[in-house]
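As provided, target24.txt (compact mmCIF, C-alpha atoms) reads as follows.
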# COMPACT_ATOMS: atom_id res chain seq x y z
CA MET A 1 0.00 0.00 0.00
CA SER A 2 1.36 3.41 -0.96
CA THR A 3 2.09 6.18 1.54
CA LYS A 4 -0.71 8.26 0.02
CA ALA A 5 -3.20 5.43 0.45
CA LYS A 6 -2.11 4.89 4.07
CA SER A 7 -2.49 8.61 4.79
CA LYS A 8 -5.95 8.60 3.23
CA GLY A 9 -6.90 5.56 5.30
CA LYS A 10 -5.75 7.17 8.55
CA LYS A 11 -7.61 10.35 7.70
CA LYS A 12 -10.77 8.34 7.10
CA GLN A 13 -10.34 6.55 10.44
CA ARG A 14 -9.89 9.87 12.27
CA GLY A 15 -13.03 11.18 10.58
CA GLU A 16 -15.03 8.11 11.60
CA ARG A 17 -13.73 8.32 15.17
CA THR A 18 -14.63 12.01 15.41
CA ALA A 19 -18.12 11.39 14.04
CA SER A 20 -18.60 8.52 16.48
CA SER A 21 -17.40 10.70 19.36
CA TRP A 22 -20.06 13.30 18.58
CA LEU A 23 -22.69 10.57 18.25
CA ILE A 24 -21.75 9.10 21.64
CA PHE A 25 -21.84 12.57 23.20
CA ALA A 26 -25.30 13.23 21.72
CA LEU A 27 -26.65 9.88 22.92
CA MET A 28 -25.26 10.39 26.43
CA THR A 29 -26.80 13.86 26.55
CA VAL A 30 -30.22 12.42 25.66
CA TYR A 31 -29.73 9.72 28.29
CA LEU A 32 -28.91 12.26 31.01
CA VAL A 33 -31.84 14.47 29.99
CA PHE A 34 -34.28 11.60 30.52
CA MET A 35 -32.55 10.83 33.81
CA TRP A 36 -33.14 14.38 35.02
CA MET A 37 -36.72 14.84 33.85
CA PRO A 38 -39.29 14.27 36.64
CA PHE A 39 -42.12 12.99 34.44
CA PRO A 40 -43.23 9.31 34.73
CA PHE A 41 -42.69 8.68 31.01
CA ALA A 42 -39.10 9.91 31.37
CA ARG A 43 -38.48 7.27 34.03
CA VAL A 44 -39.81 4.57 31.72
CA ILE A 45 -37.65 5.75 28.81
CA TYR A 46 -34.54 6.11 31.00
CA THR A 47 -34.99 2.58 32.35
CA ALA A 48 -35.75 1.20 28.88
CA LEU A 49 -32.61 2.82 27.45
CA THR A 50 -30.57 1.29 30.27
CA GLY A 51 -32.10 -2.11 29.52
CA LEU A 52 -31.40 -1.69 25.81
CA VAL A 53 -27.74 -0.91 26.47
CA ALA A 54 -27.46 -3.91 28.82
CA ALA A 55 -29.02 -6.19 26.19
CA MET A 56 -26.66 -4.89 23.49
CA ALA A 57 -23.67 -5.45 25.77
CA ALA A 58 -24.85 -9.02 26.42
CA HIS A 59 -25.20 -9.55 22.65
CA GLU A 60 -21.63 -8.31 22.10
CA LEU A 61 -20.25 -10.66 24.74
CA MET A 62 -22.11 -13.64 23.34
CA ASN A 63 -20.71 -12.78 19.90
CA ALA A 64 -17.22 -12.44 21.39
CA VAL A 65 -17.27 -16.06 22.59
CA LYS A 66 -18.84 -17.08 19.25
CA SER A 67 -21.96 -18.55 20.81
CA LYS A 68 -23.96 -20.38 18.13
CA ASN A 69 -27.01 -21.06 20.28
CA GLN A 70 -29.49 -18.37 19.23
CA LEU A 71 -32.05 -19.40 21.86
CA LEU A 72 -29.48 -18.89 24.61
CA ASN A 73 -28.41 -15.56 23.08
CA VAL A 74 -31.96 -14.21 22.88
CA LEU A 75 -32.77 -15.40 26.41
CA THR A 76 -29.64 -13.71 27.74
CA MET A 77 -30.50 -10.42 26.04
CA GLY A 78 -34.07 -10.58 27.34
CA VAL A 79 -33.05 -11.06 30.97
CA SER A 80 -30.38 -8.35 30.61
CA ALA A 81 -32.99 -5.90 29.35
CA PHE A 82 -35.35 -6.81 32.20
CA MET A 83 -32.90 -6.30 35.09
CA PRO A 84 -32.90 -2.45 35.07
CA PHE A 85 -36.71 -2.53 35.41
CA VAL A 86 -36.31 -4.71 38.51
CA PHE A 87 -34.24 -2.04 40.23
CA SER A 88 -36.17 0.91 38.84
CA TYR A 89 -39.62 -0.33 39.89
CA GLY A 90 -38.75 -2.66 42.76
CA LEU A 91 -39.92 -5.82 40.98
CA LYS A 92 -38.44 -8.13 43.61
CA LEU A 93 -41.20 -10.76 43.47
CA PRO A 94 -41.05 -11.17 39.66
CA LEU A 95 -37.25 -11.37 39.95
CA LEU A 96 -37.45 -14.13 42.58
CA VAL A 97 -39.67 -16.08 40.18
CA ILE A 98 -37.87 -15.32 36.92
CA LEU A 99 -34.28 -15.73 38.14
CA PRO A 100 -34.50 -19.40 39.20
CA LEU A 101 -36.47 -20.20 36.05
CA TYR A 102 -33.84 -18.45 33.95
CA VAL A 103 -30.96 -20.37 35.53
CA LEU A 104 -32.85 -23.64 35.07
CA ALA A 105 -33.61 -22.72 31.46
CA VAL A 106 -29.92 -22.03 30.80
CA LEU A 107 -28.94 -25.38 32.31
CA PHE A 108 -31.66 -27.16 30.29
CA ILE A 109 -30.39 -25.51 27.10
CA MET A 110 -26.84 -26.59 27.90
CA VAL A 111 -27.93 -30.22 28.33
CA SER A 112 -30.56 -30.53 25.58
CA MET A 113 -28.62 -28.54 22.98
CA ASN A 114 -25.14 -29.69 24.00
CA LYS A 115 -23.90 -30.09 20.42
CA LYS A 116 -23.96 -26.34 19.79
CA THR A 117 -23.66 -25.05 23.36
CA LYS A 118 -20.28 -24.78 25.01
CA PHE A 119 -19.77 -24.31 28.73
CA VAL A 120 -18.12 -20.95 28.05
CA ASP A 121 -21.35 -19.88 26.30
CA VAL A 122 -23.34 -20.66 29.45
CA LEU A 123 -20.88 -18.86 31.72
CA THR A 124 -20.91 -15.82 29.43
CA ALA A 125 -24.71 -15.84 29.36
CA LEU A 126 -24.93 -15.87 33.16
CA TYR A 127 -22.17 -13.28 33.50
CA SER A 128 -23.81 -10.98 30.94
CA SER A 129 -27.39 -11.24 32.13
CA LEU A 130 -26.62 -11.05 35.86
CA TRP A 131 -23.42 -9.16 36.58
CA ILE A 132 -23.16 -6.95 33.48
CA SER A 133 -26.85 -6.04 33.63
CA PHE A 134 -26.51 -5.26 37.35
CA GLY A 135 -23.62 -2.95 36.50
CA PHE A 136 -25.76 -0.99 34.06
CA SER A 137 -28.68 -1.09 36.53
CA CYS A 138 -26.51 0.87 38.94
CA PHE A 139 -27.26 3.88 36.71
CA VAL A 140 -30.87 3.51 37.89
CA LEU A 141 -29.90 2.89 41.51
CA ILE A 142 -27.61 5.94 41.63
CA ARG A 143 -30.29 8.07 40.04
CA ASP A 144 -32.68 7.10 42.84
CA ILE A 145 -30.38 7.60 45.85
CA TYR A 146 -32.22 10.80 46.72
CA ILE A 147 -35.36 8.65 47.11
CA LYS A 148 -33.70 5.79 48.98
CA TYR A 149 -31.81 8.15 51.27
CA ASP A 150 -34.44 10.85 51.59
CA GLY A 151 -33.08 13.84 53.48
CA ILE A 152 -29.45 12.76 53.03
CA TYR A 153 -28.95 13.17 49.28
CA LEU A 154 -30.43 15.60 46.79
CA LYS A 155 -31.45 14.74 43.25
CA GLN A 156 -28.72 17.08 42.00
CA GLU A 157 -26.14 15.10 43.98
CA GLY A 158 -27.31 11.83 42.44
CA PHE A 159 -26.99 13.42 39.01
CA PHE A 160 -23.42 14.43 39.84
CA PHE A 161 -22.57 10.86 40.87
CA VAL A 162 -23.66 9.66 37.43
CA MET A 163 -21.46 12.31 35.78
CA LEU A 164 -18.63 11.21 38.08
CA VAL A 165 -19.01 7.65 36.77
CA PHE A 166 -18.55 8.84 33.19
CA GLY A 167 -15.69 11.11 34.21
CA CYS A 168 -13.79 8.39 36.11
CA SER A 169 -14.38 5.94 33.26
CA TRP A 170 -13.37 8.07 30.30
CA VAL A 171 -11.18 10.99 31.44
CA PRO A 172 -8.25 8.92 32.85
CA ASP A 173 -7.86 7.03 29.58
CA GLY A 174 -7.42 10.21 27.53
CA LEU A 175 -5.13 11.92 30.03
CA ALA A 176 -3.09 8.73 30.49
CA TYR A 177 -2.50 8.65 26.73
CA LEU A 178 -1.27 12.27 26.70
CA VAL A 179 0.98 11.84 29.74
CA GLY A 180 2.26 8.46 28.57
CA LYS A 181 3.09 9.83 25.13
CA ARG A 182 5.28 12.51 26.71
CA PHE A 183 6.73 10.80 29.79
CA GLY A 184 5.92 7.10 29.48
CA LYS A 185 8.87 4.72 29.81
CA HIS A 186 7.67 1.70 31.75
CA LYS A 187 4.94 -0.52 30.32
CA LEU A 188 1.98 -1.09 32.63
CA CYS A 189 0.75 -4.40 31.15
CA PRO A 190 2.71 -4.99 27.93
CA VAL A 191 0.96 -8.27 27.10
CA ILE A 192 -2.58 -6.98 27.66
CA SER A 193 -2.25 -3.36 26.53
CA PRO A 194 1.17 -2.52 25.02
CA LYS A 195 0.49 1.23 24.73
CA LYS A 196 -0.32 1.84 28.41
CA THR A 197 2.53 2.97 30.64
CA VAL A 198 2.95 3.28 34.41
CA GLU A 199 3.75 6.99 34.09
CA GLY A 200 0.75 7.57 31.86
CA ALA A 201 -1.62 5.72 34.18
CA ALA A 202 -0.35 7.53 37.29
CA GLY A 203 -0.44 10.94 35.60
CA GLY A 204 -3.86 10.25 34.10
CA VAL A 205 -5.32 9.29 37.48
CA LEU A 206 -3.88 12.28 39.37
CA LEU A 207 -4.84 14.79 36.66
CA SER A 208 -8.30 13.26 36.39
CA GLY A 209 -8.80 13.97 40.09
CA VAL A 210 -8.01 17.64 39.47
CA ALA A 211 -10.11 17.84 36.29
CA LEU A 212 -13.18 16.27 37.88
CA LEU A 213 -12.78 18.46 40.94
CA ILE A 214 -12.98 21.49 38.63
CA VAL A 215 -16.07 19.99 36.98
CA TYR A 216 -17.65 19.59 40.41
CA VAL A 217 -16.93 23.21 41.35
CA LEU A 218 -18.50 24.47 38.11
CA TYR A 219 -21.49 22.14 38.48
CA SER A 220 -22.04 23.15 42.12
CA LEU A 221 -21.97 26.84 41.15
CA ILE A 222 -24.60 26.24 38.47
CA VAL A 223 -26.80 24.28 40.90
CA GLU A 224 -26.42 26.94 43.58
CA HIS A 225 -27.34 29.67 41.11
CA ILE A 226 -30.43 27.86 39.76
CA TYR A 227 -31.74 26.06 42.85
CA ASP A 228 -30.14 28.08 45.66
CA ILE A 229 -28.79 24.94 47.35
CA THR A 230 -25.29 23.82 48.32
CA LEU A 231 -24.22 20.34 47.29
CA PHE A 232 -22.91 18.02 50.02
CA ALA A 233 -23.29 20.87 52.53
CA ALA A 234 -22.94 18.52 55.51
CA TYR A 235 -19.28 17.82 54.65
CA GLY A 236 -18.16 21.45 54.51
CA TRP A 237 -14.82 22.09 52.85
CA LEU A 238 -13.79 18.46 53.43
CA LYS A 239 -16.04 17.45 50.54
CA TYR A 240 -13.28 18.56 48.16
CA VAL A 241 -10.77 16.26 49.87
CA TYR A 242 -13.23 13.36 49.92
CA LEU A 243 -14.16 13.91 46.30
CA TYR A 244 -10.53 13.93 45.18
CA ILE A 245 -9.75 10.72 47.09
CA ILE A 246 -12.88 8.98 45.80
CA THR A 247 -12.09 10.09 42.26
CA ILE A 248 -8.56 8.72 42.48
CA VAL A 249 -9.81 5.36 43.75
CA LEU A 250 -12.50 5.11 41.06
CA CYS A 251 -10.03 6.08 38.32
CA VAL A 252 -7.68 3.28 39.41
CA ILE A 253 -10.61 0.84 39.35
CA SER A 254 -11.49 2.15 35.90
CA ILE A 255 -8.02 1.39 34.55
CA PHE A 256 -8.09 -2.17 35.85
CA GLY A 257 -11.62 -2.58 34.50
CA ASP A 258 -10.40 -1.54 31.08
CA LEU A 259 -7.51 -4.01 31.30
CA ALA A 260 -9.88 -6.80 32.37
CA ALA A 261 -12.06 -6.16 29.32
CA SER A 262 -8.93 -6.20 27.15
CA VAL A 263 -8.03 -9.62 28.53
CA ILE A 264 -11.41 -10.97 27.36
CA LYS A 265 -10.84 -9.55 23.87
CA ARG A 266 -7.36 -11.01 23.65
CA ASN A 267 -8.56 -14.42 24.87
CA PHE A 268 -11.04 -14.56 22.01
CA GLY A 269 -8.89 -12.86 19.37
CA ILE A 270 -10.97 -9.74 18.73
CA LYS A 271 -9.97 -6.09 18.52
CA ASP A 272 -13.37 -4.59 19.40
CA TYR A 273 -16.59 -6.09 20.73
CA SER A 274 -18.47 -4.64 17.76
CA GLN A 275 -18.35 -1.85 15.18
CA LEU A 276 -21.39 0.00 16.51
CA PHE A 277 -19.31 3.17 16.84
CA PRO A 278 -16.60 3.14 14.13
CA GLY A 279 -13.25 3.99 15.67
CA HIS A 280 -14.54 3.39 19.19
CA GLY A 281 -15.93 -0.15 19.05
CA GLY A 282 -19.15 -1.25 20.68
CA ILE A 283 -21.07 -0.82 23.93
CA MET A 284 -18.63 -2.97 25.88
CA ASP A 285 -15.67 -1.07 24.46
CA ARG A 286 -17.14 2.22 25.69
CA PHE A 287 -18.53 1.00 29.02
CA ASP A 288 -16.08 -1.73 30.02
CA SER A 289 -14.49 0.33 32.80
CA SER A 290 -17.85 1.89 33.77
CA LEU A 291 -19.14 -1.57 34.64
CA PHE A 292 -16.52 -1.74 37.39
CA VAL A 293 -16.87 1.87 38.52
CA LEU A 294 -20.69 1.79 38.75
CA PRO A 295 -21.06 -0.97 41.39
CA CYS A 296 -18.14 0.48 43.36
CA ILE A 297 -19.57 3.99 43.61
CA TYR A 298 -23.04 2.66 44.42
CA GLY A 299 -21.54 0.33 47.04
CA LEU A 300 -19.66 3.27 48.54
CA ILE A 301 -22.86 5.33 48.73
CA THR A 302 -24.69 2.42 50.37
CA VAL A 303 -21.97 1.63 52.92
CA LEU A 304 -21.63 5.27 53.99
CA ASN A 305 -25.38 5.54 54.59
CA LEU A 306 -26.33 2.22 56.20
Once more with this new file: its structure as structure tokens, please.
Amino acid sequence: MSTKAKSKGKKKQRGERTASSWLIFALMTVYLVFMWMPFPFARVIYTALTGLVAAMAAHELMNAVKSKNQLLNVLTMGVSAFMPFVFSYGLKLPLLVILPLYVLAVLFIMVSMNKKTKFVDVLTALYSSLWISFGFSCFVLIRDIYIKYDGIYLKQEGFFFVMLVFGCSWVPDGLAYLVGKRFGKHKLCPVISPKKTVEGAAGGVLLSGVALLIVYVLYSLIVEHIYDITLFAAYGWLKYVYLYIITIVLCVISIFGDLAASVIKRNFGIKDYSQLFPGHGGIMDRFDSSLFVLPCIYGLITVLNL
């Protein structure tokens, strides 16, 4: 391939990546708008979008392991889509009925359709429909912390926690790349991710803490101006210290989450989980680290307010 052709190809890839970036930004904006809106229909749409994303992630994982059992794939996607509704509307009784039936159905499929069902397909199905869907469902749980912990958290604070999830999942990766490109010398995990360096990861995490602290200050000023309330008022000035520490911890978790997702891709010989967003990959490529950050931040909220 000529140099001109290579240059044209790289330019096309950059264009696709930029277009995908704007598309992802637009979709996330719509998602956050429905999260914020108080109307009942907005709650339904927000939960349905979360379920859709969980189902798509499950589909990508089943494709990654090359599952040929379409019945198992569809069943996995269906349960994944249902889980966010369980947490959004408190459907504990239906869950207690459906979950055992689902597990039994998966085992029955494995036995009765053993010629085209591998054990790894079953494990991936259970992992996708239970753990991955729970991770996405944490978007719903975090949104509703002001209801669960009435008088302790405000709706605006729950909204900030969701933004913090995105920030801790995506900001460190970009900053780590910039720092690593300039100062990186020691490989972090050369076998899993050859481009990541120790210096880049450390710099990305520390700078992310500062960047997200600035975002919080700007957000809190906007909230104070519009609603005349102070976010996390009970913590005083210590909230900035707590926020920085929490951000650092979540950013570290995010990096390891990204590496864990890379291990899965390498094990099955794929570059991206899908081509849903050209240049960025699929749902799992964009939310791999978020699926580790989400349960951690929700767990932290729960533990601090038992």
Residue contacts of range 59-73 of chain A (7 Å, all atoms listed in the file) excluding same-chain residues fewer than 5 positions away, as a PDB file with C-alpha atoms, in the coordinates of the input:
ATOM      1  CA  VAL A 106     -29.920 -22.030  30.800  1.00  0.00           C
ATOM      2  CA  LYS A 116     -23.960 -26.340  19.790  1.00  0.00           C
ATOM      3  CA  THR A 117     -23.660 -25.050  23.360  1.00  0.00           C
ATOM      4  CA  ASP A 121     -21.350 -19.880  26.300  1.00  0.00           C
ATOM      5  CA  THR A 124     -20.910 -15.820  29.430  1.00  0.00           C
ATOM      6  CA  ALA A 125     -24.710 -15.840  29.360  1.00  0.00           C
ATOM      7  CA  PHE A 268     -11.040 -14.560  22.010  1.00  0.00           C
ATOM      8  CA  TYR A 273     -16.590  -6.090  20.730  1.00  0.00           C
ATOM      9  CA  SER A 274     -18.470  -4.640  17.760  1.00  0.00           C
TER      10      SER A 274
END
Quick one: everything within 7 Å of Val165 in chain A, counting only C-alpha atoms, minus sequence neighbours fewer than 3 positions away in the same chain. Send it as a PyMOL selection string.
-> chain A and resi 161-162+168-169+290+293-294
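Using all atoms listed in the file for every distance, the candidate list A:Val74, A:Leu291, A:Ile214, A:Leu95 yields A:Leu291 as the residue closest to Phe134 in chain A.
CA of Ser133 in chain A sits 7.5 Å away from CA of Ala81 in chain A.
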Pick from A:Lys181, A:Lys187, A:Lys115, A:Arg43, whichever lies nearest to Asp144 in chain A using only C-alpha atoms = A:Arg43
Restricting the calculation to only C-alpha atoms, which member of A:Ala202, A:Arg182, A:Pro278, A:Gly151 is positioned closest to Gly15 in chain A?
-> A:Pro278
So which residues fall inside 6 Å of (-22.8, 17.7, 40.0) if we count all atoms listed in the file? Mind giving them as a VMD selection string?
-> chain A and resid 157 160 216 219 to 220
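Nearest residue to Pro194 in chain A among A:Ile253, A:Tyr177, A:Gly281, A:Val171 is A:Tyr177, counting all atoms listed in the file.
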Please provide as a ChimeraX atom specification all residues within 12 Å of Leu206 in chain A, with the sequence filter that same-chain residues fewer than 2 positions apart are discarded (counting all atoms listed in the file).
-> /A:168,171-173,175-176,179,199-204,208-213,244-252
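Take CA of Ser21 in chain A and CA of Gly51 in chain A: the distance between them is 22.0 Å.
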Of A:Leu231, A:Leu304, A:Cys189, A:Ile255, the one sitting nearest Val205 in chain A when using only C-alpha atoms is A:Ile255
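Across A:Ser289, A:Gln156, A:Thr18, A:Asn267, the tightest approach to Ile229 in chain A is made by A:Gln156 when counting all atoms listed in the file.
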Could you jot down the CA of Val44 in chain A to CA of Tyr149 in chain A separation for me, Å, one decimal place?
-> 21.4 Å
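All residues that come within 10 Å of the coordinates (-30.3, -23.0, 30.7), counting only C-alpha atoms, are given as Leu71, Leu72, Leu75, Thr76, Leu101, Tyr102, Val103, Leu104, Ala105, Val106, Leu107, Phe108, Ile109, Met110, Val111, Ser112, Met113, Val122, Ala125 and Leu126 of chain A.
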